[in-house]
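*Asks:* Input file: coords13.txt. Contents: compact mmCIF, C-alpha atoms and all ligand atoms.
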```txt
# COMPACT_ATOMS: atom_id res chain seq x y z
CA MET A 26 -19.97 -93.97 56.64
CA HIS A 27 -19.89 -94.31 52.89
CA ARG A 28 -20.72 -91.27 50.79
CA SER A 29 -20.43 -91.13 47.01
CA LYS A 30 -18.19 -88.48 45.47
CA ILE A 31 -19.03 -85.32 43.55
CA VAL A 32 -16.77 -83.43 41.17
CA ALA A 33 -18.31 -80.03 40.46
CA GLY A 34 -16.77 -77.59 38.02
CA ASN A 35 -17.20 -73.84 38.26
CA TRP A 36 -16.48 -72.13 34.96
CA LYS A 37 -17.15 -68.68 36.42
CA MET A 38 -17.31 -66.06 33.62
CA ASN A 39 -15.51 -68.19 31.05
CA LYS A 40 -16.39 -69.92 27.76
CA THR A 41 -18.68 -68.76 24.98
CA LEU A 42 -21.78 -70.83 24.32
CA ASN A 43 -20.07 -72.85 21.56
CA GLU A 44 -16.99 -73.49 23.67
CA GLY A 45 -19.18 -74.61 26.55
CA ILE A 46 -21.26 -77.01 24.48
CA ASP A 47 -18.15 -78.47 22.81
CA PHE A 48 -16.75 -79.14 26.28
CA ILE A 49 -19.93 -80.88 27.41
CA LYS A 50 -19.97 -83.06 24.27
CA ILE A 51 -16.39 -84.17 24.92
CA LEU A 52 -17.22 -84.91 28.56
CA LYS A 53 -20.19 -87.04 27.64
CA GLU A 54 -18.33 -88.94 24.89
CA SER A 55 -15.30 -89.60 27.09
CA ILE A 56 -17.17 -90.92 30.09
CA PRO A 57 -20.65 -92.05 29.03
CA GLU A 58 -21.64 -93.32 32.46
CA LEU A 59 -20.15 -92.91 35.92
CA ARG A 60 -20.31 -95.72 38.44
CA ILE A 61 -20.49 -93.87 41.71
CA THR A 62 -19.38 -90.31 41.17
CA LYS A 63 -21.56 -87.44 40.08
CA ALA A 64 -20.05 -84.81 37.80
CA ILE A 65 -21.55 -81.34 37.75
CA VAL A 66 -20.61 -78.40 35.56
CA GLY A 67 -21.36 -74.92 36.89
CA MET A 68 -21.77 -72.74 33.83
CA PRO A 69 -23.01 -69.25 32.88
CA PHE A 70 -26.82 -68.92 32.90
CA ILE A 71 -27.07 -68.55 29.14
CA HIS A 72 -25.42 -71.96 28.57
CA LEU A 73 -27.80 -73.95 30.75
CA ALA A 74 -30.66 -74.60 28.35
CA SER A 75 -28.32 -75.67 25.51
CA ALA A 76 -26.23 -77.97 27.73
CA GLY A 77 -29.21 -79.77 29.26
CA PRO A 78 -29.89 -82.21 26.38
CA TYR A 79 -26.33 -83.61 26.56
CA LEU A 80 -26.59 -84.63 30.19
CA ASN A 81 -27.69 -87.84 31.86
CA GLY A 82 -27.83 -89.36 35.34
CA SER A 83 -24.06 -89.10 35.80
CA PHE A 84 -23.64 -85.54 34.58
CA SER A 85 -25.62 -82.52 35.71
CA ILE A 86 -25.40 -78.79 35.29
CA ALA A 87 -25.35 -76.01 37.84
CA ALA A 88 -26.01 -72.28 37.78
CA GLN A 89 -23.49 -70.10 39.61
CA ASN A 90 -25.92 -67.76 41.31
CA CYS A 91 -29.64 -67.10 41.71
CA HIS A 92 -31.81 -64.20 42.83
CA HIS A 93 -33.58 -64.74 46.14
CA GLU A 94 -36.99 -63.43 45.03
CA ALA A 95 -39.36 -65.60 43.01
CA GLN A 96 -39.95 -63.01 40.29
CA GLY A 97 -40.43 -59.30 39.73
CA ALA A 98 -38.76 -56.03 38.83
CA TYR A 99 -35.11 -57.04 39.30
CA THR A 100 -33.52 -56.07 36.01
CA GLY A 101 -30.82 -58.46 34.89
CA GLU A 102 -31.48 -61.08 37.56
CA ILE A 103 -32.36 -64.79 37.22
CA SER A 104 -34.77 -66.68 39.48
CA ALA A 105 -34.71 -70.25 40.77
CA SER A 106 -37.71 -71.22 38.64
CA MET A 107 -35.91 -69.95 35.51
CA ILE A 108 -32.84 -71.99 36.40
CA GLN A 109 -34.96 -75.07 36.97
CA SER A 110 -36.83 -74.55 33.70
CA ALA A 111 -33.47 -74.47 31.86
CA GLY A 112 -32.62 -77.97 33.09
CA ALA A 113 -30.14 -77.26 35.88
CA GLU A 114 -30.31 -79.31 39.06
CA TYR A 115 -27.74 -77.45 41.17
CA VAL A 116 -26.91 -73.84 42.06
CA ILE A 117 -23.58 -72.68 43.45
CA LEU A 118 -24.31 -70.10 46.16
CA GLY A 119 -22.22 -67.91 48.44
CA HIS A 120 -19.03 -68.32 46.41
CA SER A 121 -16.30 -66.08 47.86
CA GLU A 122 -16.24 -64.07 44.63
CA ARG A 123 -19.95 -63.29 45.09
CA ARG A 124 -19.32 -62.40 48.72
CA GLN A 125 -16.34 -60.17 47.84
CA TYR A 126 -17.33 -58.47 44.57
CA PHE A 127 -21.12 -58.41 44.96
CA LYS A 128 -21.23 -57.91 48.73
CA GLU A 129 -23.39 -60.96 49.37
CA ASP A 130 -23.66 -61.62 53.10
CA ASP A 131 -24.78 -64.66 55.09
CA ASP A 132 -28.35 -63.34 55.38
CA LEU A 133 -28.77 -62.91 51.65
CA ILE A 134 -27.12 -66.24 50.91
CA LEU A 135 -29.59 -67.97 53.25
CA LYS A 136 -32.46 -66.37 51.31
CA LYS A 137 -30.95 -67.65 48.07
CA VAL A 138 -30.53 -71.15 49.52
CA LYS A 139 -34.21 -71.16 50.50
CA ALA A 140 -35.29 -69.92 47.06
CA VAL A 141 -33.29 -72.68 45.39
CA LEU A 142 -34.61 -75.38 47.73
CA SER A 143 -38.17 -74.29 47.14
CA HIS A 144 -37.70 -75.14 43.45
CA SER A 145 -36.26 -78.59 44.12
CA LEU A 146 -32.79 -77.47 43.12
CA THR A 147 -29.72 -78.45 45.17
CA PRO A 148 -27.65 -75.59 46.56
CA ILE A 149 -23.88 -75.97 46.64
CA PHE A 150 -23.21 -73.65 49.56
CA CYS A 151 -19.69 -72.22 49.72
CA CYS A 152 -17.87 -71.16 52.86
CA GLY A 153 -14.23 -70.54 53.72
CA GLU A 154 -11.84 -68.17 55.42
CA PRO A 155 -9.48 -65.47 54.06
CA LEU A 156 -5.72 -65.69 54.58
CA ASP A 157 -5.50 -63.40 57.65
CA ILE A 158 -8.03 -65.56 59.49
CA ARG A 159 -6.07 -68.72 58.63
CA GLU A 160 -2.88 -67.05 59.86
CA ASP A 161 -4.65 -66.04 63.10
CA ASP A 162 -5.64 -69.68 63.53
CA THR A 163 -9.31 -68.73 63.91
CA HIS A 164 -10.46 -70.42 60.69
CA ILE A 165 -12.68 -72.96 62.41
CA GLN A 166 -14.58 -70.29 64.35
CA TYR A 167 -14.85 -68.16 61.19
CA VAL A 168 -16.36 -70.94 59.08
CA ASN A 169 -18.67 -72.01 61.92
CA LYS A 170 -19.99 -68.45 62.09
CA GLN A 171 -20.68 -68.47 58.34
CA LEU A 172 -22.66 -71.67 58.82
CA GLU A 173 -24.49 -70.45 61.95
CA ASN A 174 -25.49 -67.23 60.20
CA SER A 175 -26.88 -69.02 57.15
CA ILE A 176 -27.61 -72.69 56.53
CA PHE A 177 -27.88 -73.62 60.21
CA HIS A 178 -31.20 -71.76 60.11
CA LEU A 179 -32.60 -74.42 57.79
CA SER A 180 -34.85 -77.23 59.00
CA ASN A 181 -33.60 -80.82 59.33
CA GLU A 182 -35.42 -81.64 56.13
CA GLU A 183 -33.91 -78.71 54.22
CA ILE A 184 -30.29 -79.12 55.35
CA GLN A 185 -30.19 -82.69 54.03
CA LYS A 186 -30.61 -81.32 50.52
CA VAL A 187 -27.60 -78.99 50.75
CA ILE A 188 -24.08 -79.70 49.50
CA ILE A 189 -21.38 -77.74 51.34
CA ALA A 190 -18.18 -76.62 49.65
CA TYR A 191 -15.31 -75.61 51.93
CA GLU A 192 -13.18 -73.20 49.93
CA PRO A 193 -10.39 -71.41 51.79
CA ILE A 194 -10.17 -68.07 49.97
CA TRP A 195 -6.38 -68.07 50.08
CA ALA A 196 -6.42 -71.26 47.99
CA ILE A 197 -8.88 -70.14 45.29
CA GLY A 198 -7.19 -69.49 41.97
CA THR A 199 -3.83 -68.99 43.69
CA GLY A 200 -2.21 -72.35 43.02
CA LYS A 201 -1.90 -72.72 46.82
CA THR A 202 -3.91 -75.77 47.84
CA ALA A 203 -4.87 -76.55 51.40
CA SER A 204 -2.97 -79.65 52.46
CA SER A 205 -5.10 -82.75 52.73
CA ALA A 206 -4.69 -82.52 56.53
CA GLN A 207 -5.93 -78.90 56.55
CA ALA A 208 -8.91 -79.84 54.38
CA GLN A 209 -9.75 -82.88 56.49
CA GLU A 210 -9.49 -80.85 59.72
CA MET A 211 -12.04 -78.30 58.51
CA HIS A 212 -14.36 -80.84 56.92
CA LYS A 213 -14.42 -82.82 60.15
CA GLU A 214 -15.21 -79.66 62.13
CA ILE A 215 -18.04 -78.78 59.73
CA ARG A 216 -19.45 -82.28 60.14
CA LEU A 217 -19.24 -82.01 63.95
CA SER A 218 -21.09 -78.69 63.82
CA LEU A 219 -23.73 -80.23 61.56
CA ALA A 220 -24.17 -83.03 64.11
CA ASP A 221 -24.51 -80.48 66.94
CA ASN A 222 -27.05 -78.36 65.08
CA PHE A 223 -29.03 -81.11 63.39
CA THR A 224 -28.42 -84.83 63.99
CA LEU A 225 -25.47 -87.17 63.68
CA ALA A 226 -27.25 -89.11 60.94
CA ILE A 227 -27.78 -85.91 58.93
CA ALA A 228 -24.16 -84.85 59.47
CA ASN A 229 -22.97 -88.20 58.15
CA GLU A 230 -25.08 -87.92 55.00
CA ILE A 231 -24.21 -84.38 53.90
CA LYS A 232 -21.59 -84.03 51.20
CA ILE A 233 -18.74 -81.63 51.89
CA LEU A 234 -16.58 -80.74 48.89
CA TYR A 235 -13.16 -79.14 48.97
CA GLY A 236 -12.37 -76.22 46.66
CA GLY A 237 -9.18 -74.26 46.12
CA SER A 238 -6.57 -74.99 43.42
CA CYS A 239 -7.62 -78.63 43.25
CA THR A 240 -5.95 -80.30 40.24
CA PRO A 241 -5.23 -83.85 39.04
CA ALA A 242 -1.89 -83.55 40.87
CA ASN A 243 -3.38 -83.16 44.35
CA ALA A 244 -6.90 -84.55 44.03
CA ALA A 245 -6.17 -88.18 44.92
CA ASP A 246 -4.76 -87.13 48.27
CA LEU A 247 -7.59 -84.67 49.00
CA PHE A 248 -10.42 -86.96 47.85
CA SER A 249 -9.13 -89.85 49.95
CA GLN A 250 -9.67 -87.92 53.19
CA LYS A 251 -12.44 -89.33 55.34
CA ASP A 252 -14.63 -86.23 55.32
CA VAL A 253 -13.83 -84.92 51.84
CA ASP A 254 -16.55 -85.99 49.42
CA GLY A 255 -15.06 -84.57 46.24
CA GLY A 256 -14.23 -81.14 44.92
CA LEU A 257 -15.51 -77.82 43.66
CA ILE A 258 -13.11 -77.06 40.86
CA GLY A 259 -12.43 -73.66 39.28
CA GLY A 260 -9.41 -73.37 36.97
CA ALA A 261 -8.99 -77.10 36.30
CA SER A 262 -12.66 -77.41 35.28
CA LEU A 263 -11.97 -75.28 32.20
CA LYS A 264 -9.72 -77.91 30.64
CA THR A 265 -11.42 -81.09 29.44
CA ASN A 266 -8.40 -83.31 30.15
CA ASP A 267 -7.98 -82.04 33.70
CA PHE A 268 -11.67 -82.20 34.48
CA LEU A 269 -11.95 -85.74 33.09
CA GLU A 270 -8.92 -86.79 35.10
CA LEU A 271 -10.45 -85.33 38.27
CA ILE A 272 -13.61 -87.36 37.64
CA ARG A 273 -11.54 -90.51 37.14
CA ILE A 274 -9.64 -89.84 40.35
CA ALA A 275 -12.93 -89.40 42.24
CA GLU A 276 -14.25 -92.69 40.83
CA ALA A 277 -11.07 -94.44 41.88
CA SER A 278 -11.05 -92.96 45.37
CA ILE A 279 -14.36 -94.46 46.53
C1 LIG B 1 -13.47 -71.90 42.89
O1 LIG B 1 -13.47 -70.77 42.44
O2 LIG B 1 -14.52 -72.40 43.36
C2 LIG B 1 -12.21 -72.64 42.86
C3 LIG B 1 -12.08 -73.67 43.65
O3 LIG B 1 -11.25 -72.17 42.00
P1 LIG B 1 -9.82 -72.81 41.73
O4 LIG B 1 -10.00 -74.30 41.58
O5 LIG B 1 -9.36 -72.16 40.45
O6 LIG B 1 -8.96 -72.47 42.89
```
What is this file in structure tokens?
Ligand code: PEP
*Replies:*
Amino acid sequence: MHRSKIVAGNWKMNKTLNEGIDFIKILKESIPELRITKAIVGMPFIHLASAGPYLNGSFSIAAQNCHHEAQGAYTGEISASMIQSAGAEYVILGHSERRQYFKEDDDLILKKVKAVLSHSLTPIFCCGEPLDIREDDTHIQYVNKQLENSIFHLSNEEIQKVIIAYEPIWAIGTGKTASSAQAQEMHKEIRLSLADNFTLAIANEIKILYGGSCTPANAADLFSQKDVDGGLIGGASLKTNDFLELIRIAEASI
């Protein structure tokens, strides 16, 4: 089964508007067109509308969160229709930092996924286990539960529009990457669960990204794994050279 690759950056709460737009200009000038990889930059909400005009078919932008309601009295929140109107095509949802610091649970994340899908945006749904669960060797059950409690409630039609990012929490921002074998093991399990809950054809189509201290030094190995369809990149997405190199590695690993 041949799936194209995705390299998605997650800037988190970094970069002023000018810094962000300068980065996007460099990205676009350095790689005007990608053959088979899609590059996505997940940026703060306020950058989205200004970054949009610099993008093309190869490069897209993502929001990093979204409120689950369509509109209303939710001071400080941003809806899916606002994100769409700013030119984003993707929304990162259920990131472990949102789960940890903002107490987002599987139920709420499912609502957000549905809100995003209903505005023709693509959710990048994050899952992944903390260190104690990995050490207990119950990581597969843990991640399956996250999926069962959230995106496995979607219809066959809806799930096909979701990108999954497996991000072991112990590897995020720690410099500790999952080995390519550990990543492949979990990605394969996720795909098997997708086949069980939906269909084999759907499972084979869905993109599953790896996230967690992915850098140009380890990406070739990770991206060459059968069930790893690219990466969700935090720290290394803040540096133009690293991010460009990750895109080149993804293009070369097809
Ligand atoms: C992330 O936060 O999604 C992430 C993968 O971060 P890092 O690459 O810095 O580990």
*Asks:* Please identify the residues whose atoms come within 7 Å of ligand LIG 1 (chain B), using all atoms listed in the file, and report them as a PyMOL selection string.
*Replies:* chain A and resi 35+120+192+196-200+236-239+257-261
*Asks:* Please, what distance in Å, to one decimal, runs between CA of Ala140 in chain A and CA of Asn169 in chain A?
*Replies:*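 Going from CA of Ala140 in chain A over to CA of Asn169 in chain A covers 22.4 Å.
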*Asks:* Take the point (-17.8, -92.3, 37.3) as written in the file and pick out every residue within 10 Å of it, counting all atoms listed in the file; give the list as a list of chain:residue names.
*Replies:*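 Nearby residues: A:Lys30, A:Ile31, A:Val32, A:Ile56, A:Pro57, A:Glu58, A:Leu59, A:Arg60, A:Ile61, A:Thr62, A:Lys63, A:Ala64, A:Ser83, A:Phe84, A:Leu269, A:Ile272, A:Arg273, A:Ile274, A:Ala275, A:Glu276, A:Ala277.
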*Asks:* Pick the closest to Val116 in chain A from A:Cys152, A:Glu183, A:Ala33, A:Asn174: which is it, counting only C-alpha atoms?
*Replies:* A:Ala33
*Asks:* Would you work out the distance separating CA of Ala95 in chain A from CA of Thr147 in chain A, expressed in Å to one decimal?
*Replies:* 16.2 Å
*Asks:* Near Tyr115 in chain A, within 8 Å and counting only C-alpha atoms, which residues show up once chain neighbours fewer than 4 positions away are dropped, as a list of chain:residue names?
*Replies:*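 So, after excluding close chain neighbours, the residues are A:Ser85, A:Ile86, A:Ala87, A:Ala88, A:Leu146, A:Thr147, A:Pro148, A:Ile149.
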*Asks:* For C-alpha atoms, I'd like the residues from the last selection saved as an mmCIF file, keeping the file's coordinate frame.
*Replies:*
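Result file follows (result_19.cif):
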```
data_model
loop_
_atom_site.group_PDB
_atom_site.id
_atom_site.type_symbol
_atom_site.label_atom_id
_atom_site.label_comp_id
_atom_site.auth_asym_id
_atom_site.auth_seq_id
_atom_site.Cartn_x
_atom_site.Cartn_y
_atom_site.Cartn_z
ATOM 1 C CA SER A 85 -25.620 -82.520 35.710
ATOM 2 C CA ILE A 86 -25.400 -78.790 35.290
ATOM 3 C CA ALA A 87 -25.350 -76.010 37.840
ATOM 4 C CA ALA A 88 -26.010 -72.280 37.780
ATOM 5 C CA LEU A 146 -32.790 -77.470 43.120
ATOM 6 C CA THR A 147 -29.720 -78.450 45.170
ATOM 7 C CA PRO A 148 -27.650 -75.590 46.560
ATOM 8 C CA ILE A 149 -23.880 -75.970 46.640
#
```
*Asks:* Please provide as a ChimeraX atom specification all residues within 12 Å of Ala113 in chain A, with the sequence filter that same-chain residues fewer than 4 positions apart are discarded (counting only C-alpha atoms).
*Replies:* /A:65-81,84-91,105-109,117,141,144-148
*Asks:* Given the choices A:Gln185, A:Ser262, A:Gln166, A:Gln250, which gets closest to Ile49 in chain A if the distance is worked out from all atoms listed in the file?
*Replies:*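 The shortest atom-to-atom distance to Ile49 in chain A comes from A:Ser262.
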*Asks:* Record the distance separating CA of Glu114 in chain A and CA of Tyr167 in chain A, expressed in Å with one decimal.
*Replies:* 29.2 Å
*Asks:* Check the smallest atom-to-atom distance from each of A:Asp221, A:Ser205, A:Thr265, A:Ser278 to Asn243 in chain A using only C-alpha atoms, then report the winner.
*Replies:*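 For Asn243 in chain A, the nearest of the candidates is A:Ser205.
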*Asks:* Please, which residues in range 156-274 of chain A fall within 10 Å of range 127-133 of chain A when counting all atoms listed in the file, and what is the closest atom pair and distance in Å to one decimal for each, ordered by chain then residue number, as JSON lines?
*Replies:*
```
{"residue": "A:Lys170", "atom": "CA", "partner": "A:Asp131", "partner_atom": "CA", "distance": 9.3}
{"residue": "A:Gln171", "atom": "CA", "partner": "A:Asp131", "partner_atom": "CA", "distance": 6.5}
{"residue": "A:Leu172", "atom": "CA", "partner": "A:Asp131", "partner_atom": "CA", "distance": 8.2}
{"residue": "A:Glu173", "atom": "CA", "partner": "A:Asp131", "partner_atom": "CA", "distance": 9.0}
{"residue": "A:Asn174", "atom": "CA", "partner": "A:Asp131", "partner_atom": "CA", "distance": 5.8}
{"residue": "A:Ser175", "atom": "CA", "partner": "A:Asp131", "partner_atom": "CA", "distance": 5.3}
{"residue": "A:Ile176", "atom": "CA", "partner": "A:Asp131", "partner_atom": "CA", "distance": 8.6}
```
